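Reproduced below: input.pdb, with PDB, C-alpha atoms and all ligand atoms.
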```pdb
ATOM      1  CA  MET A  44     -14.019  -4.517  -5.194
ATOM      2  CA  LEU A  45     -11.486  -1.831  -6.177
ATOM      3  CA  GLN A  46     -10.306  -1.363  -9.726
ATOM      4  CA  LEU A  47      -7.875   1.071 -11.308
ATOM      5  CA  ARG A  48      -7.870   1.253 -15.087
ATOM      6  CA  ASP A  49      -5.091   3.113 -16.868
ATOM      7  CA  VAL A  50      -4.743   5.604 -14.047
ATOM      8  CA  SER A  51      -2.148   8.368 -14.400
ATOM      9  CA  THR A  52      -1.547  11.026 -11.758
ATOM     10  CA  TYR A  53       0.556  14.150 -12.137
ATOM     11  CA  TYR A  54       2.085  16.741  -9.847
ATOM     12  CA  GLY A  55       1.977  19.699 -12.217
ATOM     13  CA  GLN A  56       3.914  18.545 -15.252
ATOM     14  CA  ILE A  57       5.532  15.638 -13.428
ATOM     15  CA  ARG A  58       3.914  12.279 -13.952
ATOM     16  CA  ALA A  59       4.006  10.271 -10.715
ATOM     17  CA  LEU A  60       1.780   7.366 -11.830
ATOM     18  CA  GLU A  61       1.605   6.021 -15.342
ATOM     19  CA  LEU A  62      -1.244   3.911 -16.679
ATOM     20  CA  ILE A  63      -1.782   1.932 -13.507
ATOM     21  CA  ASN A  64      -3.982  -1.141 -13.705
ATOM     22  CA  LEU A  65      -4.662  -2.693 -10.347
ATOM     23  CA  GLU A  66      -7.387  -4.727  -8.729
ATOM     24  CA  VAL A  67      -8.258  -5.573  -5.141
ATOM     25  CA  ARG A  68     -10.852  -8.307  -4.745
ATOM     26  CA  SER A  69     -13.135  -8.642  -1.777
ATOM     27  CA  GLY A  70     -11.534 -10.536   1.109
ATOM     28  CA  GLU A  71      -7.962 -10.176  -0.120
ATOM     29  CA  ILE A  72      -4.840  -8.624   1.328
ATOM     30  CA  VAL A  73      -3.028  -7.012  -1.573
ATOM     31  CA  ALA A  74       0.513  -5.711  -1.098
ATOM     32  CA  LEU A  75       1.906  -2.797  -3.052
ATOM     33  CA  ILE A  76       5.661  -2.787  -2.809
ATOM     34  CA  GLY A  77       8.251  -0.391  -4.149
ATOM     35  CA  ALA A  78      11.247   1.700  -3.189
ATOM     36  CA  ASN A  79      11.301   5.323  -2.004
ATOM     37  CA  GLY A  80       9.629   7.589  -4.505
ATOM     38  CA  ALA A  81       8.079   4.760  -6.538
ATOM     39  CA  GLY A  82       4.633   6.330  -6.203
ATOM     40  CA  LYS A  83       3.017   4.190  -3.489
ATOM     41  CA  THR A  84       1.671   7.092  -1.444
ATOM     42  CA  THR A  85       0.578   8.862  -4.621
ATOM     43  CA  MET A  86      -1.396   5.740  -5.517
ATOM     44  CA  LEU A  87      -3.235   5.655  -2.177
ATOM     45  CA  ASN A  88      -3.857   9.403  -2.267
ATOM     46  CA  THR A  89      -5.283   9.021  -5.770
ATOM     47  CA  ILE A  90      -7.581   6.182  -4.690
ATOM     48  CA  CYS A  91      -8.906   8.009  -1.630
ATOM     49  CA  GLY A  92      -9.579  11.232  -3.536
ATOM     50  CA  LEU A  93      -6.818  13.465  -2.170
ATOM     51  CA  LEU A  94      -5.366  13.576  -5.681
ATOM     52  CA  GLU A  95      -7.342  13.477  -8.872
ATOM     53  CA  PRO A  96      -6.054  11.249 -11.662
ATOM     54  CA  ARG A  97      -5.506  13.001 -14.964
ATOM     55  CA  HIS A  98      -6.328   9.857 -16.927
ATOM     56  CA  GLY A  99      -8.095   6.622 -16.242
ATOM     57  CA  GLU A 100     -10.844   5.456 -13.985
ATOM     58  CA  ILE A 101     -11.134   4.155 -10.440
ATOM     59  CA  THR A 102     -14.154   2.128  -9.365
ATOM     60  CA  PHE A 103     -15.092   0.843  -5.941
ATOM     61  CA  GLU A 104     -17.801  -1.817  -5.839
ATOM     62  CA  ASP A 105     -18.595  -0.945  -9.455
ATOM     63  CA  LYS A 106     -19.166   2.727  -8.659
ATOM     64  CA  ARG A 107     -16.869   5.288 -10.205
ATOM     65  CA  ILE A 108     -15.033   7.107  -7.415
ATOM     66  CA  SER A 109     -12.390   9.063  -9.328
ATOM     67  CA  GLY A 110     -13.432  12.700  -9.079
ATOM     68  CA  LEU A 111     -15.511  12.226  -5.931
ATOM     69  CA  PRO A 112     -14.550  14.228  -2.810
ATOM     70  CA  VAL A 113     -12.671  12.385  -0.032
ATOM     71  CA  GLU A 114     -15.747  12.509   2.236
ATOM     72  CA  GLY A 115     -17.884  10.743  -0.341
ATOM     73  CA  ILE A 116     -15.269   8.032  -0.823
ATOM     74  CA  VAL A 117     -14.937   7.449   2.929
ATOM     75  CA  ARG A 118     -18.705   7.053   3.189
ATOM     76  CA  LEU A 119     -18.605   4.284   0.614
ATOM     77  CA  GLY A 120     -16.443   2.276   3.006
ATOM     78  CA  LEU A 121     -12.913   3.062   1.967
ATOM     79  CA  CYS A 122     -10.480   4.046   4.712
ATOM     80  CA  HIS A 123      -6.943   5.346   4.320
ATOM     81  CA  VAL A 124      -4.394   5.215   7.148
ATOM     82  CA  PRO A 125      -1.689   7.594   5.907
ATOM     83  CA  GLU A 126       2.039   7.227   6.425
ATOM     84  CA  ARG A 127       3.728   8.606   9.524
ATOM     85  CA  ARG A 128       0.937   7.487  11.848
ATOM     86  CA  GLN A 129      -1.074  10.634  12.160
ATOM     87  CA  VAL A 130      -2.889  10.581  15.490
ATOM     88  CA  PHE A 131      -4.418  13.485  17.369
ATOM     89  CA  SER A 132      -1.567  13.815  19.820
ATOM     90  CA  ARG A 133      -3.314  15.894  22.475
ATOM     91  CA  MET A 134      -6.348  13.665  22.605
ATOM     92  CA  SER A 135      -6.602  10.448  24.577
ATOM     93  CA  VAL A 136      -6.379   7.045  22.962
ATOM     94  CA  ARG A 137     -10.108   6.539  23.542
ATOM     95  CA  ASP A 138     -11.060   9.873  21.972
ATOM     96  CA  ASN A 139      -8.891   9.130  18.953
ATOM     97  CA  LEU A 140     -10.829   5.901  18.499
ATOM     98  CA  LEU A 141     -14.189   7.630  18.914
ATOM     99  CA  LEU A 142     -13.170  10.167  16.307
ATOM    100  CA  GLY A 143     -12.589   7.339  13.860
ATOM    101  CA  ALA A 144     -16.306   6.580  14.115
ATOM    102  CA  TYR A 145     -17.489  10.185  13.811
ATOM    103  CA  HIS A 146     -19.696   9.590  10.791
ATOM    104  CA  ARG A 147     -21.310   6.428  12.122
ATOM    105  CA  ARG A 148     -24.902   6.593  13.298
ATOM    106  CA  ASP A 149     -25.214   3.057  14.646
ATOM    107  CA  SER A 150     -25.130   2.016  18.293
ATOM    108  CA  GLY A 151     -22.110  -0.268  18.057
ATOM    109  CA  VAL A 152     -19.383   2.337  18.528
ATOM    110  CA  ARG A 153     -18.625   1.671  22.235
ATOM    111  CA  GLN A 154     -18.545  -2.033  21.499
ATOM    112  CA  ASP A 155     -16.079  -1.471  18.677
ATOM    113  CA  VAL A 156     -13.811   0.556  20.984
ATOM    114  CA  GLN A 157     -13.683  -2.519  23.234
ATOM    115  CA  ARG A 158     -12.980  -4.676  20.193
ATOM    116  CA  MET A 159      -9.979  -2.461  19.367
ATOM    117  CA  TYR A 160      -8.662  -2.967  22.899
ATOM    118  CA  GLU A 161      -8.946  -6.709  22.353
ATOM    119  CA  LEU A 162      -7.201  -6.444  19.017
ATOM    120  CA  PHE A 163      -4.439  -4.235  20.442
ATOM    121  CA  PRO A 164      -4.307  -4.910  24.209
ATOM    122  CA  ILE A 165      -1.679  -2.197  24.728
ATOM    123  CA  LEU A 166      -4.220   0.425  23.611
ATOM    124  CA  GLY A 167      -6.621  -0.814  26.265
ATOM    125  CA  GLN A 168      -3.935  -0.289  28.897
ATOM    126  CA  ARG A 169      -3.255   3.191  27.565
ATOM    127  CA  GLN A 170      -6.832   4.321  26.872
ATOM    128  CA  ASP A 171      -6.670   7.498  29.008
ATOM    129  CA  GLN A 172      -3.155   8.450  27.922
ATOM    130  CA  THR A 173      -2.733  11.256  25.377
ATOM    131  CA  ALA A 174      -1.814   9.812  22.001
ATOM    132  CA  GLY A 175       1.285  12.004  21.644
ATOM    133  CA  THR A 176       2.924  10.208  24.579
ATOM    134  CA  LEU A 177       2.572   6.760  23.009
ATOM    135  CA  SER A 178       5.564   5.009  21.475
ATOM    136  CA  GLY A 179       5.888   4.919  17.682
ATOM    137  CA  GLY A 180       4.553   1.370  17.516
ATOM    138  CA  GLU A 181       1.630   2.178  19.786
ATOM    139  CA  GLN A 182       0.781   5.239  17.688
ATOM    140  CA  GLN A 183       0.776   3.071  14.567
ATOM    141  CA  MET A 184      -1.581   0.616  16.257
ATOM    142  CA  LEU A 185      -3.811   3.526  17.251
ATOM    143  CA  ALA A 186      -3.803   4.902  13.704
ATOM    144  CA  ILE A 187      -4.905   1.506  12.358
ATOM    145  CA  ALA A 188      -7.472   1.002  15.092
ATOM    146  CA  ARG A 189      -8.898   4.466  14.437
ATOM    147  CA  GLY A 190      -9.214   3.526  10.767
ATOM    148  CA  LEU A 191     -11.027   0.313  11.686
ATOM    149  CA  MET A 192     -13.483   2.283  13.830
ATOM    150  CA  SER A 193     -15.071   3.563  10.617
ATOM    151  CA  ARG A 194     -15.888  -0.078   9.781
ATOM    152  CA  PRO A 195     -14.317   0.146   6.352
ATOM    153  CA  LYS A 196     -14.898  -2.400   3.630
ATOM    154  CA  LEU A 197     -11.446  -1.638   2.301
ATOM    155  CA  LEU A 198      -8.603  -0.471   4.519
ATOM    156  CA  MET A 199      -5.532   1.060   2.887
ATOM    157  CA  LEU A 200      -2.402   1.164   5.036
ATOM    158  CA  ASP A 201       0.581   3.272   4.008
ATOM    159  CA  GLU A 202       3.801   1.752   5.339
ATOM    160  CA  PRO A 203       2.581   0.659   8.760
ATOM    161  CA  SER A 204       5.901  -1.020   9.555
ATOM    162  CA  VAL A 205       8.220   1.896   8.912
ATOM    163  CA  GLY A 206      10.618   2.588  11.754
ATOM    164  CA  LEU A 207       9.213  -0.125  14.006
ATOM    165  CA  ALA A 208      10.962  -3.004  15.747
ATOM    166  CA  PRO A 209      10.428  -6.464  14.211
ATOM    167  CA  LEU A 210       8.262  -7.595  17.110
ATOM    168  CA  VAL A 211       5.902  -4.643  16.700
ATOM    169  CA  VAL A 212       5.802  -5.194  12.940
ATOM    170  CA  ARG A 213       4.795  -8.803  13.572
ATOM    171  CA  GLU A 214       2.058  -7.679  15.955
ATOM    172  CA  ILE A 215       0.674  -5.243  13.397
ATOM    173  CA  LEU A 216       0.736  -7.825  10.616
ATOM    174  CA  ARG A 217      -1.018 -10.300  12.878
ATOM    175  CA  VAL A 218      -3.840  -7.801  13.188
ATOM    176  CA  VAL A 219      -3.882  -7.204   9.423
ATOM    177  CA  ALA A 220      -4.349 -10.950   8.882
ATOM    178  CA  ASP A 221      -6.992 -10.991  11.599
ATOM    179  CA  MET A 222      -8.864  -8.160   9.900
ATOM    180  CA  ARG A 223      -9.110 -10.169   6.729
ATOM    181  CA  SER A 224     -10.594 -13.102   8.601
ATOM    182  CA  ARG A 225     -13.239 -10.681   9.933
ATOM    183  CA  GLY A 226     -14.138  -9.560   6.435
ATOM    184  CA  THR A 227     -12.053  -6.414   5.902
ATOM    185  CA  THR A 228     -10.195  -6.208   2.628
ATOM    186  CA  VAL A 229      -6.731  -4.639   2.846
ATOM    187  CA  LEU A 230      -4.439  -2.786   0.453
ATOM    188  CA  LEU A 231      -1.077  -2.749   2.184
ATOM    189  CA  VAL A 232       1.658  -0.400   1.000
ATOM    190  CA  GLU A 233       5.124  -1.392   2.142
ATOM    191  CA  GLN A 234       8.783  -0.920   1.478
ATOM    192  CA  ASN A 235       9.267  -3.913   3.722
ATOM    193  CA  ALA A 236       8.472  -6.450   1.008
ATOM    194  CA  LYS A 237       9.254  -9.431   3.178
ATOM    195  CA  ALA A 238       6.728  -8.426   5.797
ATOM    196  CA  ALA A 239       4.102  -7.464   3.233
ATOM    197  CA  LEU A 240       4.392 -10.601   1.098
ATOM    198  CA  GLY A 241       4.397 -12.703   4.270
ATOM    199  CA  VAL A 242       0.819 -11.695   4.956
ATOM    200  CA  ALA A 243      -0.588 -10.810   1.509
ATOM    201  CA  ASP A 244      -2.515 -12.942  -0.974
ATOM    202  CA  ARG A 245      -1.339 -11.018  -4.029
ATOM    203  CA  GLY A 246       0.935  -8.124  -4.756
ATOM    204  CA  TYR A 247       2.089  -5.481  -7.200
ATOM    205  CA  VAL A 248       5.588  -4.079  -7.627
ATOM    206  CA  LEU A 249       5.715  -0.386  -8.413
ATOM    207  CA  GLU A 250       8.749   1.339  -9.923
ATOM    208  CA  THR A 251       8.947   4.974 -10.963
ATOM    209  CA  GLY A 252       5.188   5.190 -11.206
ATOM    210  CA  ARG A 253       4.608   1.986 -13.158
ATOM    211  CA  VAL A 254       3.450  -1.460 -12.185
ATOM    212  CA  VAL A 255       6.361  -3.609 -13.318
ATOM    213  CA  LEU A 256       5.208  -6.895 -11.870
ATOM    214  CA  GLU A 257       2.160  -8.483 -10.319
ATOM    215  CA  GLY A 258       1.326 -11.925  -9.017
ATOM    216  CA  THR A 259       0.418 -14.009  -6.025
ATOM    217  CA  ALA A 260       2.506 -13.413  -2.917
ATOM    218  CA  LYS A 261       4.143 -16.788  -3.553
ATOM    219  CA  GLU A 262       5.037 -15.914  -7.128
ATOM    220  CA  LEU A 263       6.497 -12.574  -6.110
ATOM    221  CA  THR A 264       8.443 -14.064  -3.213
ATOM    222  CA  GLU A 265       9.986 -16.598  -5.590
ATOM    223  CA  ASP A 266      10.671 -14.063  -8.324
ATOM    224  CA  GLU A 267      14.377 -13.543  -8.890
ATOM    225  CA  GLY A 268      14.063  -9.815  -9.461
ATOM    226  CA  VAL A 269      11.953  -9.302  -6.348
ATOM    227  CA  GLN A 270      14.368 -11.370  -4.306
ATOM    228  CA  MET A 271      17.301  -9.286  -5.462
ATOM    229  CA  SER A 272      15.658  -5.873  -5.311
ATOM    230  CA  TYR A 273      13.372  -6.196  -2.343
ATOM    231  CA  LEU A 274      14.214  -9.254  -0.310
ATOM    232  CA  GLY A 275      17.913  -8.557   0.066
ATOM    233  CA  LYS A 276      19.087 -11.669  -1.775
ATOM    234  CA  GLY A 277      22.047 -11.475  -4.131
ATOM    235  CA  LYS A 278      23.027  -8.466  -6.186
ATOM    236  CA  LYS A 279      20.656  -5.547  -6.189
ATOM    237  CA  LEU A 280      18.674  -5.232  -9.397
ATOM    238  CA  GLN A 281      16.813  -2.272 -10.673
ATOM    239  CA  PHE A 282      13.585  -3.174 -12.391
ATOM    240  CA  ALA A 283      12.955  -1.451 -15.644
ATOM    241  CA  ARG A 284      10.273  -2.055 -18.177
ATOM    242  CA  CYS A 285      11.381  -4.198 -21.039
ATOM    243  CA  HIS A 286       9.841  -3.894 -24.478
ATOM    244  CA  ALA A 287       9.973  -7.644 -25.004
ATOM    245  CA  GLU A 288       7.647 -10.292 -23.601
ATOM    246  CA  THR A 289       9.041 -10.036 -20.111
ATOM    247  CA  ARG A 290       8.264  -6.590 -18.905
ATOM    248  CA  TYR A 291      11.116  -5.807 -16.570
ATOM    249  CA  ALA A 292      14.375  -6.525 -14.819
ATOM    250  CA  CYS A 293      17.484  -4.907 -16.149
ATOM    251  CA  GLU A 294      20.623  -5.004 -14.140
ATOM    252  CA  GLU A 295      21.130  -1.611 -12.567
ATOM    253  CA  ASN A 296      18.868  -0.112 -15.183
ATOM    254  CA  ARG A 297      21.401  -0.616 -17.950
ATOM    255  CA  ALA A 298      20.463  -1.657 -21.474
ATOM    256  CA  ILE A 299      17.796  -4.211 -22.124
ATOM    257  CA  ASN A 300      20.371  -6.762 -23.228
ATOM    258  CA  SER A 301      21.700  -6.975 -19.709
ATOM    259  CA  CYS A 302      18.257  -8.027 -18.559
ATOM    260  CA  VAL A 303      18.431 -11.212 -16.548
ATOM    261  CA  ARG A 304      15.242 -12.608 -18.031
ATOM    262  CA  CYS A 305      14.670 -10.864 -21.288
ATOM    263  CA  PRO A 306      14.611 -13.265 -24.267
ATOM    264  CA  SER A 307      16.432 -10.589 -26.279
ATOM    265  CA  ASN A 308      19.441 -10.984 -24.020
ATOM    266  CA  GLU A 309      22.226 -12.867 -25.773
ATOM    267  CA  ARG A 310      23.127 -14.570 -22.538
ATOM    268  CA  ASN A 311      19.624 -16.000 -22.488
ATOM    269  CA  GLY A 312      20.161 -17.632 -25.849
ATOM    270  CA  SER A 313      18.615 -15.288 -28.424
ATOM    271  CA  LYS A 314      19.611 -12.213 -30.362
ATOM    272  CA  PRO A 315      19.695  -8.834 -28.633
ATOM    273  CA  ALA A 316      17.014  -6.383 -29.703
ATOM    274  CA  ALA A 317      17.104  -2.613 -29.618
ATOM    275  CA  ALA A 318      15.974  -1.084 -26.351
ATOM    276  CA  ASP A 319      13.262   1.389 -27.112
ATOM    277  CA  ASP A 320      12.039   2.201 -23.661
TER     278      ASP A 320
HETATM  279  N1  LIG A 401       3.349  17.023  -3.522
HETATM  280  C1  LIG A 401       4.227  16.630  -4.444
HETATM  281  N2  LIG A 401       4.649  17.481  -5.399
HETATM  282  C2  LIG A 401       5.512  17.085  -6.370
HETATM  283  N3  LIG A 401       6.028  15.844  -6.456
HETATM  284  C3  LIG A 401       5.653  14.962  -5.522
HETATM  285  C4  LIG A 401       4.741  15.301  -4.468
HETATM  286  N4  LIG A 401       4.559  14.210  -3.694
HETATM  287  C5  LIG A 401       5.324  13.233  -4.241
HETATM  288  N5  LIG A 401       5.978  13.683  -5.316
HETATM  289  C6  LIG A 401       6.885  12.910  -6.180
HETATM  290  O1  LIG A 401       6.178  11.804  -6.711
HETATM  291  C7  LIG A 401       6.974  10.627  -6.699
HETATM  292  C8  LIG A 401       6.267   9.543  -5.929
HETATM  293  O2  LIG A 401       6.221   9.910  -4.555
HETATM  294  P1  LIG A 401       5.475   9.046  -3.464
HETATM  295  O3  LIG A 401       5.465   9.820  -2.197
HETATM  296  O4  LIG A 401       4.171   8.607  -3.999
HETATM  297  O5  LIG A 401       6.440   7.781  -3.351
HETATM  298  P2  LIG A 401       6.439   6.564  -2.309
HETATM  299  O6  LIG A 401       6.538   5.327  -3.119
HETATM  300  O7  LIG A 401       5.293   6.688  -1.386
HETATM  301  O8  LIG A 401       7.819   6.788  -1.542
HETATM  302  P3  LIG A 401       8.211   6.508   0.012
HETATM  303  O9  LIG A 401       8.479   5.052   0.122
HETATM  304  O10 LIG A 401       9.437   7.314   0.202
HETATM  305  O11 LIG A 401       7.067   6.963   0.869
HETATM  306  C9  LIG A 401       8.307  11.049  -6.118
HETATM  307  O12 LIG A 401       9.181  11.275  -7.186
HETATM  308  C10 LIG A 401       8.013  12.319  -5.361
HETATM  309  O13 LIG A 401       9.123  13.166  -5.334
HETATM  310 MG    MG A 402       5.123   6.927   0.659
END
```

Would you give me this structure, written as structure tokens?
Amino acid sequence: MLQLRDVSTYYGQIRALELINLEVRSGEIVALIGANGAGKTTMLNTICGLLEPRHGEITFEDKRISGLPVEGIVRLGLCHVPERRQVFSRMSVRDNLLLGAYHRRDSGVRQDVQRMYELFPILGQRQDQTAGTLSGGEQQMLAIARGLMSRPKLLMLDEPSVGLAPLVVREILRVVADMRSRGTTVLLVEQNAKAALGVADRGYVLETGRVVLEGTAKELTEDEGVQMSYLGKGKKLQFARCHAETRYACEENRAINSCVRCPSNERNGSKPAAADD
């Protein structure tokens, strides 16, 4: 459905994404995890057309979208719910939802508003309240629901769990899983790797603008480096790209020969090799 091939994005001279290859297949929930500043938001902004990649190509349903204006990309069925839950704070919950459907010409909009109230009952109770008076969790639900009102084929969520209580996070992830069962494909950006991998089918780990690891949610959850860096187990590791067969995982970003998995690490039973990266 969505494909990035060798995509690099720059802010001026600073490269924020380097040769990203990523795929989201129809019907999947794909998690993109990474620490602060890894480039997650840059990735979503590049996909939705807010930033233009300097290299590479992005296709959505086999149509090239890199270089298209945001409007054109939205019309193809791609919706981006940005970080920090941007709602129209002076407008009511209902009007925020209606705004999400502003480009639709079909007659199902009112029905979809009701569907959002079923999906997030708290929004139904608060439908006449101005969005700015909602709690953080409620605003996040509204931001997602507003995104769904455009009936996207692919929904991209940027850190929906940030700053929310575990119960609210669970509620939001329940809806994300529910969306998939109703045919919406999801690209979920999260620092909260545990939450993201709990609901995703596959995932990518992003570090300093590079994909350092990809796999099924199960593979990533069981990966030693992911466990240490992102799931709070054991000593914290810093991923780093390794020039050898394994692509990553050097303890606190020191030399390659301290890599916990690299075959060039003496401790792993073979000769150390020069680190060239
Ligand atoms: N407008 C900008 N101008 C220059 N550099 C930027 C800009 N926006 C982001 N960056 C830089 O690009 C890198 C990636 O930032 P990005 O916001 O994509 O990270 P992130 O993974 O979303 O982080 P977080 O988890 O904190 O949201 C960072 O080093 C950041 O400082
Ligand atoms: Mg971000």

Would you give me, as CSV, each residue of region 78-155 of chain A having an atom within 10 Å of an atom of region 166-175 of chain A, along with its shortest atom pair and that distance in Å to one decimal, using all atoms listed in the file and sorting by chain and residue number?
```
residue,atom,partner,partner_atom,distance
A:Gln129,CA,A:Gly175,CA,9.9
A:Val130,CA,A:Ala174,CA,6.6
A:Phe131,CA,A:Ala174,CA,6.5
A:Ser132,CA,A:Gly175,CA,3.8
A:Arg133,CA,A:Thr173,CA,5.5
A:Met134,CA,A:Thr173,CA,5.2
A:Ser135,CA,A:Thr173,CA,4.0
A:Val136,CA,A:Gln170,CA,4.8
A:Arg137,CA,A:Gln170,CA,5.2
A:Asp138,CA,A:Gln170,CA,8.5
A:Asn139,CA,A:Ala174,CA,7.7
A:Leu140,CA,A:Gln170,CA,9.4
```

For this structure, which residues satisfy the selection - the PyMOL selection byres (((not hetatm)) within 9 of (chain A and resi 401)) - when it is evaluated on the file as given? I want them as a compact mmCIF listing (two decimals) with C-alpha atoms, in the frame of the given file.
```
# COMPACT_ATOMS: atom_id res chain seq x y z
CA TYR A 53 0.56 14.15 -12.14
CA TYR A 54 2.08 16.74 -9.85
CA GLY A 55 1.98 19.70 -12.22
CA ILE A 57 5.53 15.64 -13.43
CA ARG A 58 3.91 12.28 -13.95
CA ALA A 59 4.01 10.27 -10.72
CA LEU A 60 1.78 7.37 -11.83
CA ILE A 76 5.66 -2.79 -2.81
CA GLY A 77 8.25 -0.39 -4.15
CA ALA A 78 11.25 1.70 -3.19
CA ASN A 79 11.30 5.32 -2.00
CA GLY A 80 9.63 7.59 -4.50
CA ALA A 81 8.08 4.76 -6.54
CA GLY A 82 4.63 6.33 -6.20
CA LYS A 83 3.02 4.19 -3.49
CA THR A 84 1.67 7.09 -1.44
CA THR A 85 0.58 8.86 -4.62
CA MET A 86 -1.40 5.74 -5.52
CA LEU A 87 -3.24 5.66 -2.18
CA ASN A 88 -3.86 9.40 -2.27
CA GLU A 126 2.04 7.23 6.42
CA ASP A 201 0.58 3.27 4.01
CA GLU A 202 3.80 1.75 5.34
CA VAL A 232 1.66 -0.40 1.00
CA GLU A 233 5.12 -1.39 2.14
CA GLN A 234 8.78 -0.92 1.48
CA LEU A 249 5.72 -0.39 -8.41
CA GLU A 250 8.75 1.34 -9.92
CA THR A 251 8.95 4.97 -10.96
CA GLY A 252 5.19 5.19 -11.21
```

Q: Give as an NGL selection string the residues that the PyMOL selection byres (((chain A and resi 101) around 8) and not hetatm) matches when applied to the coordinates above.
A: :A and (45-48 or 50 or 90 or 99-100 or 102-103 or 107-109)

Q. Using all atoms listed in the file, which of A:Cys122, A:Val205, A:Val211, A:Val117 sits nearest ligand MG 402 (chain A)?
A. A:Val205

**Q.** Shortest interatomic distance to ligand MG 402 (chain A) - which of A:Ile72, A:Leu256, A:Val124, A:Val113, counting all atoms listed in the file
**A.** A:Val124

Q | Distance in Å - CA of Asp266 (chain A) versus CA of Leu197 (chain A) | A |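 Interatomic distance, CA of Asp266 (chain A) to CA of Leu197 (chain A): 27.5 Å.
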
Q.
Just want the 12 Å neighbourhood of Leu274 (chain A), counted on all atoms listed in the file, with same-chain residues fewer than 2 positions away dropped. Output as a list of chain:residue names.
A.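 The residues that qualify are A:Ile76, A:Gly77, A:Ala78, A:Gln234, A:Asn235, A:Ala236, A:Lys237, A:Ala238, A:Ala239, A:Leu240, A:Gly241, A:Leu263, A:Thr264, A:Glu265, A:Asp266, A:Glu267, A:Gly268, A:Val269, A:Gln270, A:Met271, A:Ser272, A:Lys276, A:Gly277, A:Lys278, A:Lys279, A:Leu280.
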
Q. Which is closer to ligand MG 402 (chain A) than all the others in A:Leu216, A:Ala243, A:Leu75, A:Leu198, using all atoms listed in the file?
A.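 Checking each of A:Leu216, A:Ala243, A:Leu75, A:Leu198 against ligand MG 402 (chain A), counting all atoms listed in the file, the winner is A:Leu75.
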
(Q) Using all atoms listed in the file, which protein or nucleic acid residues come within 10 Å of Val152 (chain A)? Drop anything in the same chain fewer than 2 positions from it, and give the result as an NGL selection string. (A) :A and (140-141 or 143-145 or 147-150 or 154-158 or 192-194)

Taking all atoms of region 93-107 of chain A that appear in the file, build a box with edges along x, y and z, extend it by 4 Å on every side, and state its centre and edge lengths in Å to one decimal, as JSON.
```
{"center_x": -12.3, "center_y": 5.9, "center_z": -9.5, "size_x": 21.8, "size_y": 23.4, "size_z": 22.8}
```

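Take CA of Gly92 (chain A) and CA of Leu200 (chain A): the distance between them is 15.0 Å.
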
Which residues match the PyMOL selection byres (((chain A and resi 62) around 7) and not hetatm) in the file above, as a CSV table (one decimal) with C-alpha atoms, keeping the file's coordinate frame?
```
chain,number,residue,atom,x,y,z
A,49,ASP,CA,-5.1,3.1,-16.9
A,50,VAL,CA,-4.7,5.6,-14.0
A,51,SER,CA,-2.1,8.4,-14.4
A,60,LEU,CA,1.8,7.4,-11.8
A,61,GLU,CA,1.6,6.0,-15.3
A,63,ILE,CA,-1.8,1.9,-13.5
A,64,ASN,CA,-4.0,-1.1,-13.7
```

Q) Which residue gives the smallest distance to Gly115 (chain A) among A:His98, A:Gly246, A:His146, A:Ile187, with only C-alpha atoms counted? A) A:His146

Q: Rank nothing, just name the residue among A:Gly70, A:Pro209, A:Gly179, A:Pro112 nearest to Met222 (chain A), using all atoms listed in the file.
A: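 Under the stated criterion, the closest residue is A:Gly70.
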